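The next block holds one structure in the form of structure tokens; read it before the comments.
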Amino acid sequence: MKIILNGEPLEIGAGTSVAMLVQRLSDQTGRDPRGVAVERNREIVPKSRHAATVLEEGDQIELVQFVGGG
Amino acid sequence: MKIILNGEPLEIGAGTSVAMLVQRLSDQTGRDPRGVAVERNREIVPKSRHAATVLEEGDQIELVQFVGGG
Amino acid sequence: MKIILNGEPLEIGAGTSVAMLVQRLSDQTGRDPRGVAVERNREIVPKSRHAATVLEEGDQIELVQFVGGG
Amino acid sequence: MKIILNGEPLEIGAGTSVAMLVQRLSDQTGRDPRGVAVERNREIVPKSRHAATVLEEGDQIELVQFVGGG
Amino acid sequence: MSDNPSSDPLIIAGKAYTSRLIVGTGKYASYQQNADAARAAGAEIVTVALRRVNLTDKSQEILSDFVTPEEFTYLPNTAGCYTADDAVRTLRLAREAGGWNLVKLEVLADQKTLYPNMPETLKAAEALIKDGFEVMVYCSDDPVYARLLEEAGCCAIMPLGSLIGSGLGIMNPVNIRLIVEAARVPVIVDAGVGTASDAAIAMELGCDGVLMNTAIAAAKDPVRMARAMKHAVIAGREAYLAGRMPKKMYADPSSPLGGLI
Amino acid sequence: MSDNPSSDPLIIAGKAYTSRLIVGTGKYASYQQNADAARAAGAEIVTVALRRVNLTDKSQEILSDFVTPEEFTYLPNTAGCYTADDAVRTLRLAREAGGWNLVKLEVLADQKTLYPNMPETLKAAEALIKDGFEVMVYCSDDPVYARLLEEAGCCAIMPLGSLIGSGLGIMNPVNIRLIVEAARVPVIVDAGVGTASDAAIAMELGCDGVLMNTAIAAAKDPVRMARAMKHAVIAGREAYLAGRMPKKMYADPSSPLGGLI
Amino acid sequence: MSDNPSSDPLIIAGKAYTSRLIVGTGKYASYQQNADAARAAGAEIVTVALRRVNLTDKSQEILSDFVTPEEFTYLPNTAGCYTADDAVRTLRLAREAGGWNLVKLEVLADQKTLYPNMPETLKAAEALIKDGFEVMVYCSDDPVYARLLEEAGCCAIMPLGSLIGSGLGIMNPVNIRLIVEAARVPVIVDAGVGTASDAAIAMELGCDGVLMNTAIAAAKDPVRMARAMKHAVIAGREAYLAGRMPKKMYADPSSPLGGLI
Amino acid sequence: MSDNPSSDPLIIAGKAYTSRLIVGTGKYASYQQNADAARAAGAEIVTVALRRVNLTDKSQEILSDFVTPEEFTYLPNTAGCYTADDAVRTLRLAREAGGWNLVKLEVLADQKTLYPNMPETLKAAEALIKDGFEVMVYCSDDPVYARLLEEAGCCAIMPLGSLIGSGLGIMNPVNIRLIVEAARVPVIVDAGVGTASDAAIAMELGCDGVLMNTAIAAAKDPVRMARAMKHAVIAGREAYLAGRMPKKMYADPSSPLGGLI
């Protein structure tokens, strides 16, 4: 199943939740998943709903965090 | 019959037209009536219609001209 | 015997030394005589010579100290 | 006979006057000799004395004119 | 240019003007002095206000008897208007009174600063342009709003140099420069000029003209100051076109270093 | 004034001049351009340097063939002199070459700043005046030295606006003002002017004239900049004589507050 | 004050801060240097940007590992947003990421000037305030818009001193003063400060604080410049509260005239 | 630095000072306020005048009872002296009164401007140095005279920023910069500072210190202004040592352009 993550296509398994996606990326990058915000199809997915929110074919996901800026 | 001219009440005869009003004032003040604009109840009365426009009880008339300004 | 002290005439006894003059003024004004400099006829009288320096008729004496200034 | 003209050595004939020198240079350069000033051994030679002033061995001559300047 | 100004005309709404100096007609000791000053300034355009005919005081002088519409192009303004509606209403009356489409729009925010209210100004500009007016617009030195006003169809952008009547000159030359660089219609500094050098500075920034009133009217000798301003605007324009020397941190001699005795 | 300048002449050493702008003759692309610029500036006086006659290069142009002493008053300067003796020697040669007593004295301190060496300048001024010269003196903006130079008999005080050739304008208007207030001979800003508004500012401070070279010669279009400077000097002079409006902290309307619809 | 700052706190959205200097977190050589500079500046609030998580480069440093939210209040900005919608969307994500309501809104007009787009800025401010945000708003120095933004409910007005990253200082002190005089919420100069005196000048005008990034990050020694800025903001604040001496046209001696020998 | 100033001492005549701010002791409401302000300024050196002992008014306060020579280094000045002879005579008396060789020389030209008389100042400096004094010299901002005074052996060059007591700040930063670049002894701006940013600007130009009196004494709250000045001098010094960012004509974003949503 294909989704668009931060503008790039990504292949994921059916039934993958936002929580699983965030965890997977945090494992990959070795990063603390806290301080990350998720937007799905331009709707924010609150942390409280990461686990319950299952991704679907073609979902547009934005995964953002704070960086240095003026 | 009473109208409001430049914010002041004015008694005029029935059937007075805008043209007559302008003429009367120009006689009073000895001023060239050209370069004067007339607004009746917030609607401009073009010079071409001064003669045909008869004033009515309670009309709000603005009679303006150019003065020095920055 | 008359001298000029800070521009004003002053009557003093014969044999008065600079030291005596400074002491007398310090008694009058209740001021610490230290930090005062003495000029006699446009020549500085060092503290070390105050005692030995006896005033003479018509001496021009300047008695100065530090005051606030920019 | 050698002189120094504007800092450069120059060989001239005995009896050469300032007037002759100026004329010779004006012939060379095709320039109007007017508006030129002459200094001989740091003394100005007025135009009126150019003819009468005969150069001598080792004379230091400055020949100057106006040029553009701020 | 000054000797042959026709070769460098100021073009506003398709009409060419020789003079780049627009003057007001307020605050003068008399309309006669006003006319003398406008002539000394070499002005072709004068701003005028619209007010109720004075029905009582018959002795009052008439502007047009001294500063005639035949000699000067009247540019009606909306001084004293604090809403888009007031400004539009005033300029429609002005068009009826004078018969001209070229107007100066200003919508002010408050009497203390007379700073332009930009949202209302833009709103009024759009309404007036829709209604067929040629709008010269008094505005802040915000380069973004200058662009919006030009896109709305204004025929001249007129940013303030500083507050109306303050005489503080060009407070923010960087913003004026940004406006000039981006504009494709004339940019005319309106308000703030206090003395001749202020006008020259505005022109040196690349502005196409200057509009002023108080600097001339409130000078000790208004006619003489008007003449000063005429020369200042030409001086600044010529200097801008001539291209100034670069600034240097140290000195640079003007006379040759060679040939010293 | 500009229309009738004879009523406001600049008087130096007893001679009246119509123009208040003195220009240099250095750094131009050619003497022809130099002459064109001097005419566009409306200058009556030009500064000139004295150098050794070039004995080798016969092709070299002659200043006086283009900028003739008949058309312009030559003002010999001492650019390049770093001691009083050099300056006096140079000006004596200049007097012999040209036959004029009116000279511009400058004694410089170093090549990096070309700042005037004031003790040497005063020494040279005294020697020259004793020798019958009319001395226009380039100096710092020190108001005390300006007074000393005037007391020594200089016929014009010429303080720098900023470093020669820097184009930084009038760095210290307060000092220039102090010099103007105290002087009984003409005060002419010499050096530092970069563009037209700088010249206007100098004149608005009450100076009697401006002397410049690089601002014109190093402009992209020297002739046009010369014309700009002519107008700038007139503008500044007229503004000074007219008396500028006071500066205000807040706004002040130019149109009447009464009679609004 | 500096010795006992708690007596002069800066209160933003009901929270008191000791420091009146807010610093950015962009353009530093490293987040470590960034943290050192923020500490040297004595800053309590730092601006941060929101960007996509970098999924590829695992080595990349994490801001919050160096400049921790425990030590500094994060102030999310909308740098890079050119529409109200983008800005609102970005700040909603910021709130989700950090959990804070206090944000810095900026809606820019173009990449060349980064000048604020004021109509879009006001639109975004209204939407964010409706949505429960505490909005500190980057804006032009237009005093009318400053009032509109305050009326819309913004908790701090942050006018630019000059263009972002330009280091040109406070271009228009008159407008900043007008904004300060009228505001009942903190006024914080945001953008334009280039060196310490610029920050002092902003505070002397009566501003409640200063926000800067480039002036510190682009200095040769950012940590030292951060310390300079800490002192400059205190200096300017104290000078404003102390009430400066009047300016005088002439001299005024500091030592007594009497008692001279 | 501010945290560890000993690493950046100001060295005058071989003695190291932590503070770069020298304050006067004139014009205060009382010597008590004077002492409080000097402490708030963190000053180590205070200037003092020499006057005749008041023989009549016994009640008059004594400076040294409040601003003690034990706490502060007294720097005797020659305020009120208009000739080299008066200044030398005054400082010889000061040395006798206090026993110190370190003095501040100022020879003024007139009461209206209090501008230094440079020829007299140089003459006095030479006489004093010959007589064993360490001379800190108040002077004009003429870079040539600054060099002459240093060559004469002065231990600190103290050019005016603007007229004494005027509060006009640094009128000619270019001259101050030239003096700083050439000097091998400390350069301390003396006179002209009006508020904190003026002091910061002086230090940013590379000056080694600032001397002021009226800016503190004539502030509404002198003690608070003294504290402001302490921070301003540190801020300017740190900014100078840190190396400021370059100024830019256009904007430059502080947040990353990549990773935008």
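Scheme for the structure tokens: letters A, B, ... for chains in order shown; per-chain residue numbers from 1; ligand numbers from 1 in order shown.
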Identify, on the basis of only C-alpha atoms, every residue whose closest approach to Thr25 in chain G does not exceed 6 Å; exclude the query and any residue fewer than 2 positions from it along the same chain; express the result as JSON, numbers by chain. {"A": [68, 69, 70]}
Resulting file, chosen residues, all heavy atoms, as a compact mmCIF listing (two decimals), in the first residue's frame:
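Written file, result_3.txt:
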```txt
# COMPACT_ATOMS: atom_id res chain seq x y z
N GLY A 68 16.04 24.81 14.03
CA GLY A 68 16.50 26.18 14.27
C GLY A 68 15.90 27.13 13.25
O GLY A 68 15.77 26.79 12.07
N GLY A 69 15.51 28.30 13.73
CA GLY A 69 14.94 29.29 12.81
C GLY A 69 14.87 30.65 13.47
O GLY A 69 14.83 30.75 14.69
N GLY A 70 14.86 31.69 12.67
CA GLY A 70 14.92 33.07 13.21
C GLY A 70 13.56 33.60 13.55
O GLY A 70 12.54 33.11 13.10
```
Backbone DSSP call of helix (DSSP H, G or I) for chain B, listed as a ChimeraX atom specification: /B:18-29,47-49
Counting only C-alpha atoms, closest pick from A:Met20, A:Ile12, A:Ala51, A:Val38 relative to chain H is A:Val38
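Residues from chain E found within 6 Å of chain B are Gly24, Thr25, Gly26, Thr47, Val48, Ala49, Leu50, Arg51, Arg52, Val53, Lys58, Leu63, Leu93, Glu96, Ala97, Gly98 and Asn213 of chain E, counting only C-alpha atoms.
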Long-range neighbours of Gly236 in chain F as a count of residues only, 10 Å cut-off, only C-alpha atoms, 3 positions minimum in chain: 29
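When only C-alpha atoms are used to compute distances to chain F, the closest of the residues H:Ser166, H:Ser30, H:Thr214, H:Asn117 turns out to be H:Asn117.
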Range 8-244 of chain F: which residues are strand (DSSP E) by DSSP, as a PyMOL selection string? chain F and resi 10-12+15-17+21-23+45-52+73-76+102-105+134-139+156-159+188-190+209-212
Rounded to one decimal, what separation in Å do you get between CA of Leu260 in chain F and CA of Ala94 in chain E? 12.9 Å
Select from chain H every residue with an atom at most 7 Å from any atom of chain F, then for each give the shortest pair of atoms and their distance in Å to one decimal, using only C-alpha atoms, rows by chain and rising number, as a Markdown table.
```
| residue | atom | partner | partner_atom | distance |
| --- | --- | --- | --- | --- |
| H:Ala109 | CA | F:Val144 | CA | 6.7 |
| H:Asn117 | CA | F:Val144 | CA | 6.4 |
| H:Val144 | CA | F:Asn117 | CA | 6.4 |
| H:Met171 | CA | F:Asn172 | CA | 5.6 |
| H:Asn172 | CA | F:Met171 | CA | 5.6 |
```
Could the residues in this selection be written to a file with all heavy atoms, as an mmCIF file, in the first residue's frame?
```
data_model
loop_
_atom_site.group_PDB
_atom_site.id
_atom_site.type_symbol
_atom_site.label_atom_id
_atom_site.label_comp_id
_atom_site.auth_asym_id
_atom_site.auth_seq_id
_atom_site.Cartn_x
_atom_site.Cartn_y
_atom_site.Cartn_z
ATOM 1 N N ALA H 109 38.334 77.210 24.071
ATOM 2 C CA ALA H 109 38.490 78.395 23.216
ATOM 3 C C ALA H 109 37.509 79.508 23.575
ATOM 4 O O ALA H 109 37.847 80.683 23.502
ATOM 5 C CB ALA H 109 38.317 78.007 21.759
ATOM 6 N N ASN H 117 40.884 74.624 22.292
ATOM 7 C CA ASN H 117 41.821 75.443 21.529
ATOM 8 C C ASN H 117 43.034 74.554 21.278
ATOM 9 O O ASN H 117 43.855 74.339 22.168
ATOM 10 C CB ASN H 117 42.207 76.688 22.329
ATOM 11 C CG ASN H 117 43.201 77.561 21.573
ATOM 12 O OD1 ASN H 117 44.125 77.045 20.946
ATOM 13 N ND2 ASN H 117 43.003 78.863 21.643
ATOM 14 N N VAL H 144 44.796 64.575 12.745
ATOM 15 C CA VAL H 144 46.184 65.033 12.662
ATOM 16 C C VAL H 144 46.648 65.516 14.040
ATOM 17 O O VAL H 144 47.731 65.155 14.512
ATOM 18 C CB VAL H 144 46.330 66.158 11.618
ATOM 19 C CG1 VAL H 144 47.779 66.616 11.524
ATOM 20 C CG2 VAL H 144 45.817 65.691 10.265
ATOM 21 N N MET H 171 29.164 63.097 16.518
ATOM 22 C CA MET H 171 28.827 63.797 15.280
ATOM 23 C C MET H 171 29.589 63.242 14.089
ATOM 24 O O MET H 171 29.059 63.145 12.996
ATOM 25 C CB MET H 171 29.149 65.295 15.409
ATOM 26 C CG MET H 171 28.210 66.064 16.321
ATOM 27 S SD MET H 171 26.475 65.936 15.832
ATOM 28 C CE MET H 171 26.554 66.687 14.207
ATOM 29 N N ASN H 172 30.867 62.905 14.285
ATOM 30 C CA ASN H 172 31.693 62.513 13.137
ATOM 31 C C ASN H 172 32.382 61.171 13.375
ATOM 32 O O ASN H 172 33.570 61.122 13.711
ATOM 33 C CB ASN H 172 32.731 63.599 12.848
ATOM 34 C CG ASN H 172 33.433 63.375 11.514
ATOM 35 O OD1 ASN H 172 33.478 62.224 11.033
ATOM 36 N ND2 ASN H 172 33.970 64.425 10.939
#
```
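For the pair CA of Gly167 in chain H and CA of Met249 in chain G, the separation is 9.1 Å.
Within 10 Å of Ala13 in chain F, once only C-alpha atoms are used and residues closer than 6 positions along the same chain are dropped, the contacting residues are F:Asn101, F:Leu102, F:Glu134, F:Val135, F:Met136, F:Cys154, F:Cys155, F:Ala156, F:Val185, F:Pro186.
Taking only C-alpha atoms, the non-local environment of Glu106 in chain F within 9 Å (same-chain residues fewer than 4 positions away omitted) comprises Asn77, Thr78, Ala79, Gly80, Cys81, Tyr82, Ala84, Ala87, Pro116, Asn117, Thr121, Ala124, Met136, Val137, Tyr138 and Cys139 of chain F.
Interatomic distance, CA of Gln60 in chain E to CA of Asn34 in chain E: 15.1 Å.
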